[in-house]
Amino acid sequence: MKQDDYQGLIEQLLPLSQTPKFEVLLDKLTANEPNSAKLLIKMEIRRLMAPCNRTIDLRGKVDGECHEYDLHGKKHWLDDVAINYYYERLPLYNGQLTQGLWEDLHNTPNNFRVQHEKAKQSQQKGQGPVTDSAQTALLPEKLTFGSYLSRSESRIHYATQVLITLQSGQEVHGTTSDLSNSGCRVRVPAAFDYPPSSEVTVRFAALAKKYLDPDLEDGLSYRIIGVDQNNDSTSNAWLRLRLDTSSDAIKRALESEMASPDFRGKQDGEDKLLTLKLQSYEQSFLHHTSVLPLYFAQDKMAYVLKTRQNHSLWDYWHDERNQPVINHLFDPQRLSLLQVEGAANSQLLLYCFYVEKNKRRFFYSASPSEMSVEERQLFWKLGAKRTSWRAFKVTMSAITAADIERLQDVSPDWLNKLKTLTHVALVQDVTHHDAQQAYLSHPKPERSSQALRRFLHERNPVSQASLISSDMQPQRREPRYQYRSKVSLVHAEQGFMEGALLDFSSGGLNVALKQPFQGAKDDLISVSLDAFVKIDRRAPLVDMPYQVIRVSPKRNNIQLKLVNEAPNTRRRQYLRRLIEHNQEKLTVLDEILPDPPLVRAMHQLLLTRLTVQPYFIRRDNGVLSVSAVGINLPPSRLHRLLERAGGGRQISFYPLFGDKIHTRTHEVSRLSQPQKELIREYYVWMDMQDEIVRRVHTFADSEFESDDARRKFIELAQRGGLFAVLRNRMAPLAHAEQEINPEKLAALLQRDTHKARQLEDEFAALCAYGELVDVTDEVLMRLGC
């Protein structure tokens, strides 16, 4: 018989060992056990309950800082983990310091001896934990996007012991690192769960004893606004707390402490650094994300936010006139599925393609829930063979009163307009072009293609949403000048046309036509600027080849650009000289730029609604690591998956990169000629046992020999743990330090030069940006699993 087999029974009997019912209960619970087992259990309980008079001193024995505690009439030295374990196990030993309790406190998870024994056992089994030291490069710093530290007073570096009572009733000992009138930062044991936004009670025993303040003794109400990992010790975490009561007890105590001649605390400007760092990472995300944000006022699309990297997705939803028609993607039926009353957000997978016929572009789109199995297979058969085939993931979330409250600080002048917005839709392209054969491999149903006509989009009206540039920078390459004159145009199919010039530049024209234009975008037109030729007969402005870049919805207005051919160089130079010599006579058409407060409001609504997991890779002396990851709270399914790989609290990118971070990022992270963009799908299987990750198996989509091999891997993974397919998009980052606001950096330099330089160096080391999307459901449907 092994004593461990009876551990649960022993712990059940321990609290009753000194009661008259002990013998009766022992006989009852061990009725089916041999007498030797009964005797052994009784002896072990007697040993564990024996009084212990030894002092507990864990200094140098545990991974954590020990503090002096007065317990059972003696001075003891315990760390944060041990003191919490003490209060947790004390009722088991009837409130006495016994041999069992003494042993428990010397066997906490952060005890160096315990850690050494576990590592030795793990090494003997030939399997190490996912979060061992070899993978620390894949444990990034978590940054909560859209959430900033806003302090109305300076914080003071001040350490004092506190007792925190969680909502669950558990009491946690901690130590403050800084303190202010309205908040504090506390180091606490990492073993406990600290739900964000939950309310806690904090008792300042040391300060209460010193200043005899009942509020400090009874405790103040705080709210958890953030939980940060401790890079120096995995046993501890940092809680950021905000005061939720009107008491001035902390203010009075701080004023008394600062007035003392032996006060050694100092004012903290850490919030300025953290806010600037967070905003710089956010700015880099906004410049490099491929997500297309759409802002709705009920069923009407009001705004579209265009970034440097999502323009291809925006351009896809333009017809042959180069007019936006993405509004037809959100018909009333789909909006009813996406704008669910009471739901925080909803998702929809959409398959799309377009066909071109007689210089007209016709869009088709359908979600799996809108089609029967036969219709879906027919849709795949007709669409997946085309280059226009796309799969989109749409996430729509409601704009809440809390959002409007935040926007009141960001852009108060636009608040009345912003109050009309009700939803934000984020569109992601999750197409995997190398997998289009998987759609075509399904059997073709015996149905006519006419069954898909109900998924055909209308052509008009075009989208009236305002397009906002995220950069807030001019988009025109050169100024435009207002000028009215007659022009002659010749189209290869439509023939001769007459028009009136509205405005022009050295490289483009805006022309109003007398008759509707029958062509399409990219058509070539021969243009003669008759008015200019009458002034100068030698002007090379006759039969100039222009390319159509946009046609108005009514086809009575076209915009053209001069074709980049060698003969046109002379014509372009002539137009430039003409503009220079007539500057006083020409009226410049100023480009209308978006109002910065409005753009910041759009940014805020995007940053608090991450549908991707953005991350940043840095290079230090040739070594690559994942330095930071952007998150939102509450965590998404992908967030929880990566946290599971990191042991439950830290996010780990081991499921994505494993031991191959250099191999899987080389194309975009290399110093010479990095690839502009890299998109791959990774199949991840987390082998689990008792909710603990034993191993992680990751394969790139290209590493499977066939779809059957993929299906077998999925079947095996679903039987033995967690399975996910992650779409990883990466792009190179160059000169990321330019994302830091120069004015705020200059102010930080004056306050703390060392930290400002550290921030610059951190961003200068960034070499790649990536974003993860969970595409498990789409892949399972694609493969028919």
# chains A, B, ... in the order shown; residues from 1 in each chain; ligands from 1
call {"tool": "select_by_dssp", "arguments": {"residues": "region 236-432 of chain A", "states": "helix (DSSP H, G or I)", "output": "ChimeraX atom specification"}}
result
/A:249-259,270-288,311-316,326-329,332-338,368-370,373-383,401-410,412-418
call {"tool": "residues_around", "arguments": {"residues": "Thr98 (chain A)", "least_positions_apart": "5", "cutoff": "9 Å", "atoms": "only C-alpha atoms", "output": "ChimeraX atom specification"}}
result
/A:47-53,93,103
call {"tool": "select_by_dssp", "arguments": {"residues": "region 504-731 of chain A", "states": "strand (DSSP E)", "output": "number ranges by chain"}}
result
A: 504, 508-513, 524-528, 544-551, 557-562, 587-589, 613-620, 623-631, 678-689, 692-700, 721-731
call {"tool": "residues_around", "arguments": {"residues": "Thr160 (chain A)", "least_positions_apart": "4", "cutoff": "9 Å", "atoms": "only C-alpha atoms", "output": "PDB file with all heavy atoms, in the first residue's frame"}}
result
ATOM      1  N   GLY A 174       0.028  41.175  -0.348  1.00  0.00           N
ATOM      2  CA  GLY A 174       0.802  41.802  -1.402  1.00  0.00           C
ATOM      3  C   GLY A 174       1.622  42.951  -0.876  1.00  0.00           C
ATOM      4  O   GLY A 174       1.508  43.348   0.295  1.00  0.00           O
ATOM      5  N   THR A 175       2.442  43.500  -1.766  1.00  0.00           N
ATOM      6  CA  THR A 175       3.299  44.640  -1.422  1.00  0.00           C
ATOM      7  C   THR A 175       3.190  45.683  -2.522  1.00  0.00           C
ATOM      8  O   THR A 175       3.341  45.353  -3.707  1.00  0.00           O
ATOM      9  CB  THR A 175       4.768  44.213  -1.274  1.00  0.00           C
ATOM     10  OG1 THR A 175       4.857  43.155  -0.321  1.00  0.00           O
ATOM     11  CG2 THR A 175       5.637  45.380  -0.836  1.00  0.00           C
ATOM     12  N   THR A 176       2.882  46.918  -2.157  1.00  0.00           N
ATOM     13  CA  THR A 176       2.758  47.972  -3.158  1.00  0.00           C
ATOM     14  C   THR A 176       4.141  48.351  -3.681  1.00  0.00           C
ATOM     15  O   THR A 176       5.144  48.268  -2.970  1.00  0.00           O
ATOM     16  CB  THR A 176       2.092  49.232  -2.565  1.00  0.00           C
ATOM     17  OG1 THR A 176       2.939  49.758  -1.542  1.00  0.00           O
ATOM     18  CG2 THR A 176       0.730  48.912  -1.982  1.00  0.00           C
ATOM     19  N   SER A 177       4.178  48.744  -4.957  1.00  0.00           N
ATOM     20  CA  SER A 177       5.421  49.295  -5.517  1.00  0.00           C
ATOM     21  C   SER A 177       5.276  50.786  -5.749  1.00  0.00           C
ATOM     22  O   SER A 177       6.257  51.524  -5.701  1.00  0.00           O
ATOM     23  CB  SER A 177       5.774  48.599  -6.824  1.00  0.00           C
ATOM     24  OG  SER A 177       4.840  48.931  -7.840  1.00  0.00           O
ATOM     25  N   PHE A 204      -4.628  48.311   4.448  1.00  0.00           N
ATOM     26  CA  PHE A 204      -3.252  48.789   4.618  1.00  0.00           C
ATOM     27  C   PHE A 204      -2.889  48.677   6.106  1.00  0.00           C
ATOM     28  O   PHE A 204      -2.961  49.653   6.860  1.00  0.00           O
ATOM     29  CB  PHE A 204      -3.126  50.239   4.141  1.00  0.00           C
ATOM     30  CG  PHE A 204      -3.389  50.406   2.666  1.00  0.00           C
ATOM     31  CD1 PHE A 204      -4.688  50.529   2.183  1.00  0.00           C
ATOM     32  CD2 PHE A 204      -2.341  50.451   1.760  1.00  0.00           C
ATOM     33  CE1 PHE A 204      -4.940  50.693   0.837  1.00  0.00           C
ATOM     34  CE2 PHE A 204      -2.579  50.613   0.406  1.00  0.00           C
ATOM     35  CZ  PHE A 204      -3.887  50.730  -0.064  1.00  0.00           C
ATOM     36  N   ALA A 205      -2.501  47.476   6.516  1.00  0.00           N
ATOM     37  CA  ALA A 205      -2.276  47.221   7.947  1.00  0.00           C
ATOM     38  C   ALA A 205      -1.138  48.067   8.503  1.00  0.00           C
ATOM     39  O   ALA A 205      -1.256  48.648   9.602  1.00  0.00           O
ATOM     40  CB  ALA A 205      -1.985  45.735   8.160  1.00  0.00           C
ATOM     41  N   ALA A 206      -0.018  48.154   7.775  1.00  0.00           N
ATOM     42  CA  ALA A 206       1.145  48.894   8.286  1.00  0.00           C
ATOM     43  C   ALA A 206       0.836  50.378   8.430  1.00  0.00           C
ATOM     44  O   ALA A 206       1.165  51.010   9.446  1.00  0.00           O
ATOM     45  CB  ALA A 206       2.346  48.676   7.358  1.00  0.00           C
ATOM     46  N   LEU A 207       0.187  50.956   7.407  1.00  0.00           N
ATOM     47  CA  LEU A 207      -0.170  52.379   7.474  1.00  0.00           C
ATOM     48  C   LEU A 207      -1.229  52.638   8.536  1.00  0.00           C
ATOM     49  O   LEU A 207      -1.197  53.668   9.225  1.00  0.00           O
ATOM     50  CB  LEU A 207      -0.667  52.858   6.100  1.00  0.00           C
ATOM     51  CG  LEU A 207       0.384  52.967   4.987  1.00  0.00           C
ATOM     52  CD1 LEU A 207      -0.275  53.373   3.674  1.00  0.00           C
ATOM     53  CD2 LEU A 207       1.465  53.977   5.360  1.00  0.00           C
TER      54      LEU A 207
END
call {"tool": "atom_distance", "arguments": {"atom1": "CA of Ala190 (chain A)", "atom2": "CA of Lys74 (chain A)"}}
result
27.1 Å
call {"tool": "closest_residue", "arguments": {"among": "A:Ala37, A:Ala398, A:Leu143, A:Ile468", "to": "Pro597 (chain A)", "atoms": "only C-alpha atoms"}}
result
A:Ile468
call {"tool": "closest_residue", "arguments": {"among": "A:Arg649, A:Pro635, A:Ser485, A:Val373", "to": "Trp238 (chain A)", "atoms": "only C-alpha atoms"}}
result
A:Arg649
call {"tool": "residues_around", "arguments": {"residues": "Val394 (chain A)", "least_positions_apart": "2", "cutoff": "10 Å", "atoms": "only C-alpha atoms", "output": "PDB file with N, CA, C and O atoms, in the first residue's frame"}}
result
ATOM      1  N   VAL A 291      -6.972  44.550 -41.492  1.00  0.00           N
ATOM      2  CA  VAL A 291      -8.408  44.561 -41.191  1.00  0.00           C
ATOM      3  C   VAL A 291      -9.044  45.822 -41.754  1.00  0.00           C
ATOM      4  O   VAL A 291      -8.477  46.914 -41.669  1.00  0.00           O
ATOM      5  N   LEU A 292     -10.225  45.681 -42.347  1.00  0.00           N
ATOM      6  CA  LEU A 292     -10.970  46.819 -42.890  1.00  0.00           C
ATOM      7  C   LEU A 292     -12.119  47.169 -41.951  1.00  0.00           C
ATOM      8  O   LEU A 292     -13.100  46.421 -41.845  1.00  0.00           O
ATOM      9  N   PRO A 293     -12.052  48.307 -41.234  1.00  0.00           N
ATOM     10  CA  PRO A 293     -13.140  48.694 -40.317  1.00  0.00           C
ATOM     11  C   PRO A 293     -14.241  49.477 -41.052  1.00  0.00           C
ATOM     12  O   PRO A 293     -13.953  50.399 -41.824  1.00  0.00           O
ATOM     13  N   LEU A 338     -26.115  39.870 -38.035  1.00  0.00           N
ATOM     14  CA  LEU A 338     -24.936  40.479 -37.432  1.00  0.00           C
ATOM     15  C   LEU A 338     -25.283  41.458 -36.319  1.00  0.00           C
ATOM     16  O   LEU A 338     -24.555  41.563 -35.332  1.00  0.00           O
ATOM     17  N   SER A 346     -20.978  39.528 -33.099  1.00  0.00           N
ATOM     18  CA  SER A 346     -21.396  38.351 -33.857  1.00  0.00           C
ATOM     19  C   SER A 346     -20.488  38.225 -35.074  1.00  0.00           C
ATOM     20  O   SER A 346     -19.932  39.220 -35.562  1.00  0.00           O
ATOM     21  N   GLN A 347     -20.340  36.995 -35.554  1.00  0.00           N
ATOM     22  CA  GLN A 347     -19.429  36.725 -36.667  1.00  0.00           C
ATOM     23  C   GLN A 347     -20.161  36.051 -37.808  1.00  0.00           C
ATOM     24  O   GLN A 347     -21.161  35.362 -37.609  1.00  0.00           O
ATOM     25  N   LEU A 348     -19.616  36.246 -39.011  1.00  0.00           N
ATOM     26  CA  LEU A 348     -20.191  35.649 -40.209  1.00  0.00           C
ATOM     27  C   LEU A 348     -19.060  35.368 -41.182  1.00  0.00           C
ATOM     28  O   LEU A 348     -18.200  36.226 -41.420  1.00  0.00           O
ATOM     29  N   LEU A 349     -19.036  34.149 -41.714  1.00  0.00           N
ATOM     30  CA  LEU A 349     -18.073  33.780 -42.745  1.00  0.00           C
ATOM     31  C   LEU A 349     -18.743  33.958 -44.097  1.00  0.00           C
ATOM     32  O   LEU A 349     -19.871  33.489 -44.308  1.00  0.00           O
ATOM     33  N   LEU A 350     -18.080  34.633 -45.021  1.00  0.00           N
ATOM     34  CA  LEU A 350     -18.656  34.917 -46.331  1.00  0.00           C
ATOM     35  C   LEU A 350     -17.717  34.455 -47.438  1.00  0.00           C
ATOM     36  O   LEU A 350     -16.515  34.757 -47.399  1.00  0.00           O
ATOM     37  N   ALA A 391     -12.502  34.462 -49.323  1.00  0.00           N
ATOM     38  CA  ALA A 391     -13.222  34.099 -48.100  1.00  0.00           C
ATOM     39  C   ALA A 391     -13.004  35.230 -47.102  1.00  0.00           C
ATOM     40  O   ALA A 391     -11.859  35.620 -46.847  1.00  0.00           O
ATOM     41  N   PHE A 392     -14.089  35.769 -46.580  1.00  0.00           N
ATOM     42  CA  PHE A 392     -14.012  36.894 -45.649  1.00  0.00           C
ATOM     43  C   PHE A 392     -14.638  36.500 -44.312  1.00  0.00           C
ATOM     44  O   PHE A 392     -15.635  35.777 -44.262  1.00  0.00           O
ATOM     45  N   MET A 396     -19.008  41.857 -36.268  1.00  0.00           N
ATOM     46  CA  MET A 396     -19.723  43.104 -35.987  1.00  0.00           C
ATOM     47  C   MET A 396     -20.009  43.201 -34.497  1.00  0.00           C
ATOM     48  O   MET A 396     -20.474  42.239 -33.884  1.00  0.00           O
ATOM     49  N   ALA A 425     -18.125  47.058 -37.906  1.00  0.00           N
ATOM     50  CA  ALA A 425     -17.876  45.773 -38.571  1.00  0.00           C
ATOM     51  C   ALA A 425     -16.422  45.727 -39.011  1.00  0.00           C
ATOM     52  O   ALA A 425     -15.919  46.681 -39.612  1.00  0.00           O
ATOM     53  N   LEU A 426     -15.748  44.647 -38.671  1.00  0.00           N
ATOM     54  CA  LEU A 426     -14.351  44.452 -39.058  1.00  0.00           C
ATOM     55  C   LEU A 426     -14.294  43.305 -40.053  1.00  0.00           C
ATOM     56  O   LEU A 426     -14.694  42.174 -39.740  1.00  0.00           O
ATOM     57  N   VAL A 427     -13.815  43.607 -41.258  1.00  0.00           N
ATOM     58  CA  VAL A 427     -13.756  42.630 -42.339  1.00  0.00           C
ATOM     59  C   VAL A 427     -12.323  42.147 -42.488  1.00  0.00           C
ATOM     60  O   VAL A 427     -11.399  42.956 -42.617  1.00  0.00           O
ATOM     61  N   GLN A 428     -12.123  40.830 -42.484  1.00  0.00           N
ATOM     62  CA  GLN A 428     -10.803  40.241 -42.635  1.00  0.00           C
ATOM     63  C   GLN A 428     -10.795  39.305 -43.843  1.00  0.00           C
ATOM     64  O   GLN A 428     -11.733  38.517 -44.032  1.00  0.00           O
ATOM     65  N   ASP A 429      -9.757  39.381 -44.630  1.00  0.00           N
ATOM     66  CA  ASP A 429      -9.571  38.455 -45.738  1.00  0.00           C
ATOM     67  C   ASP A 429      -8.860  37.221 -45.199  1.00  0.00           C
ATOM     68  O   ASP A 429      -7.706  37.291 -44.787  1.00  0.00           O
ATOM     69  N   THR A 611      -9.902  41.789 -33.655  1.00  0.00           N
ATOM     70  CA  THR A 611     -10.332  40.480 -34.149  1.00  0.00           C
ATOM     71  C   THR A 611      -9.143  39.675 -34.646  1.00  0.00           C
ATOM     72  O   THR A 611      -9.300  38.554 -35.115  1.00  0.00           O
TER      73      THR A 611
END
call {"tool": "closest_residue", "arguments": {"among": "A:Arg609, A:Lys676, A:Lys210, A:Arg46", "to": "Tyr769 (chain A)", "atoms": "only C-alpha atoms"}}
result
A:Lys676
call {"tool": "residues_around", "arguments": {"residues": "Val490 (chain A)", "least_positions_apart": "6", "cutoff": "7 Å", "atoms": "only C-alpha atoms", "output": "list of chain:residue names"}}
result
A:Phe496, A:Met497, A:Ile525, A:Ser526, A:Val527
call {"tool": "atom_distance", "arguments": {"atom1": "CA of Asn460 (chain A)", "atom2": "CA of His328 (chain A)"}}
result
8.6 Å
call {"tool": "residues_around", "arguments": {"residues": "Leu726 (chain A)", "least_positions_apart": "5", "cutoff": "6 Å", "atoms": "only C-alpha atoms", "output": "ChimeraX atom specification"}}
result
/A:681-682,773-775
call {"tool": "closest_residue", "arguments": {"among": "A:Tyr303, A:Phe145, A:Phe723, A:Tyr158", "to": "Gly226 (chain A)", "atoms": "only C-alpha atoms"}}
result
A:Phe145
call {"tool": "closest_residue", "arguments": {"among": "A:Ser336, A:Asn564, A:Ser284, A:Gln437", "to": "Arg386 (chain A)", "atoms": "only C-alpha atoms"}}
result
A:Gln437
call {"tool": "closest_residue", "arguments": {"among": "A:Tyr483, A:Arg390, A:Tyr281, A:Gln675", "to": "Val430 (chain A)", "atoms": "only C-alpha atoms"}}
result
A:Arg390
call {"tool": "closest_atom_pairs", "arguments": {"of": "region 238-315 of chain A", "to": "region 738-750 of chain A", "cutoff": "9 Å", "atoms": "only C-alpha atoms", "output": "CSV"}}
result
residue,atom,partner,partner_atom,distance
A:Gly269,CA,A:Leu748,CA,8.9
A:Lys272,CA,A:Leu748,CA,7.4
A:Leu273,CA,A:Leu748,CA,7.1
A:Leu276,CA,A:Lys744,CA,7.1
A:Lys277,CA,A:Ile740,CA,7.7
A:Gln279,CA,A:Ile740,CA,7.9
A:Ser280,CA,A:Ile740,CA,5.0
A:Tyr281,CA,A:Glu739,CA,7.6
A:Glu282,CA,A:Glu739,CA,8.9
A:Gln283,CA,A:Glu739,CA,6.1
A:Ser284,CA,A:Glu739,CA,6.1
call {"tool": "decode", "arguments": {"residues": "region 650-679 of chain A", "atoms": "N, CA and C atoms", "output": "short mmCIF file (atom, residue, chain, number, x, y, z; two decimals), in the first residue's frame"}}
result
data_model
loop_
_atom_site.label_atom_id
_atom_site.label_comp_id
_atom_site.auth_asym_id
_atom_site.auth_seq_id
_atom_site.Cartn_x
_atom_site.Cartn_y
_atom_site.Cartn_z
N GLN A 650 0.53 33.61 -19.06
CA GLN A 650 1.30 34.25 -20.11
C GLN A 650 0.84 33.76 -21.48
N ILE A 651 0.94 34.64 -22.47
CA ILE A 651 0.68 34.24 -23.86
C ILE A 651 1.97 33.67 -24.43
N SER A 652 1.87 32.50 -25.04
CA SER A 652 3.03 31.87 -25.66
C SER A 652 2.79 31.69 -27.15
N PHE A 653 3.78 32.02 -27.95
CA PHE A 653 3.70 31.83 -29.40
C PHE A 653 4.39 30.52 -29.81
N TYR A 654 4.59 29.64 -28.84
CA TYR A 654 5.16 28.34 -29.17
C TYR A 654 4.26 27.55 -30.13
N PRO A 655 2.92 27.60 -30.01
CA PRO A 655 2.09 26.88 -30.98
C PRO A 655 2.29 27.36 -32.42
N LEU A 656 2.76 28.58 -32.60
CA LEU A 656 2.96 29.10 -33.95
C LEU A 656 4.37 28.82 -34.45
N PHE A 657 5.36 29.16 -33.65
CA PHE A 657 6.75 29.08 -34.10
C PHE A 657 7.49 27.85 -33.61
N GLY A 658 7.08 27.30 -32.46
CA GLY A 658 7.81 26.17 -31.91
C GLY A 658 9.28 26.53 -31.74
N ASP A 659 10.15 25.64 -32.21
CA ASP A 659 11.59 25.89 -32.17
C ASP A 659 12.10 26.43 -33.50
N LYS A 660 11.19 26.95 -34.34
CA LYS A 660 11.57 27.35 -35.70
C LYS A 660 11.28 28.81 -35.98
N ILE A 661 11.46 29.69 -35.00
CA ILE A 661 11.11 31.10 -35.22
C ILE A 661 11.95 31.70 -36.33
N HIS A 662 13.22 31.35 -36.44
CA HIS A 662 14.06 31.89 -37.50
C HIS A 662 13.60 31.37 -38.86
N THR A 663 13.28 30.09 -38.95
CA THR A 663 12.86 29.50 -40.22
C THR A 663 11.53 30.06 -40.68
N ARG A 664 10.59 30.24 -39.75
CA ARG A 664 9.24 30.63 -40.12
C ARG A 664 9.06 32.14 -40.27
N THR A 665 10.08 32.91 -39.94
CA THR A 665 9.99 34.36 -40.12
C THR A 665 11.07 34.91 -41.06
N HIS A 666 11.91 34.00 -41.60
CA HIS A 666 13.10 34.45 -42.35
C HIS A 666 12.73 35.36 -43.51
N GLU A 667 11.66 35.01 -44.25
CA GLU A 667 11.34 35.77 -45.46
C GLU A 667 11.07 37.24 -45.20
N VAL A 668 10.49 37.55 -44.04
CA VAL A 668 10.14 38.96 -43.78
C VAL A 668 11.09 39.61 -42.78
N SER A 669 11.87 38.82 -42.04
CA SER A 669 12.74 39.41 -41.02
C SER A 669 14.19 39.56 -41.48
N ARG A 670 14.53 39.02 -42.64
CA ARG A 670 15.92 39.13 -43.08
C ARG A 670 16.28 40.58 -43.40
N LEU A 671 17.54 40.89 -43.27
CA LEU A 671 18.00 42.27 -43.41
C LEU A 671 17.97 42.74 -44.85
N SER A 672 18.32 41.85 -45.80
CA SER A 672 18.38 42.25 -47.20
C SER A 672 17.17 41.70 -47.96
N GLN A 673 16.48 42.58 -48.67
CA GLN A 673 15.34 42.27 -49.52
C GLN A 673 14.29 41.38 -48.83
N PRO A 674 13.71 41.86 -47.74
CA PRO A 674 12.66 41.07 -47.09
C PRO A 674 11.40 41.02 -47.96
N GLN A 675 10.68 39.91 -47.84
CA GLN A 675 9.43 39.76 -48.59
C GLN A 675 8.39 40.72 -48.04
N LYS A 676 7.60 41.33 -48.94
CA LYS A 676 6.64 42.35 -48.51
C LYS A 676 5.57 41.80 -47.58
N GLU A 677 5.16 40.57 -47.83
CA GLU A 677 4.10 39.98 -47.02
C GLU A 677 4.21 38.47 -47.08
N LEU A 678 3.93 37.81 -45.98
CA LEU A 678 3.98 36.36 -45.92
C LEU A 678 2.73 35.87 -45.21
N ILE A 679 1.95 35.01 -45.88
CA ILE A 679 0.71 34.48 -45.32
C ILE A 679 0.77 32.96 -45.35
#
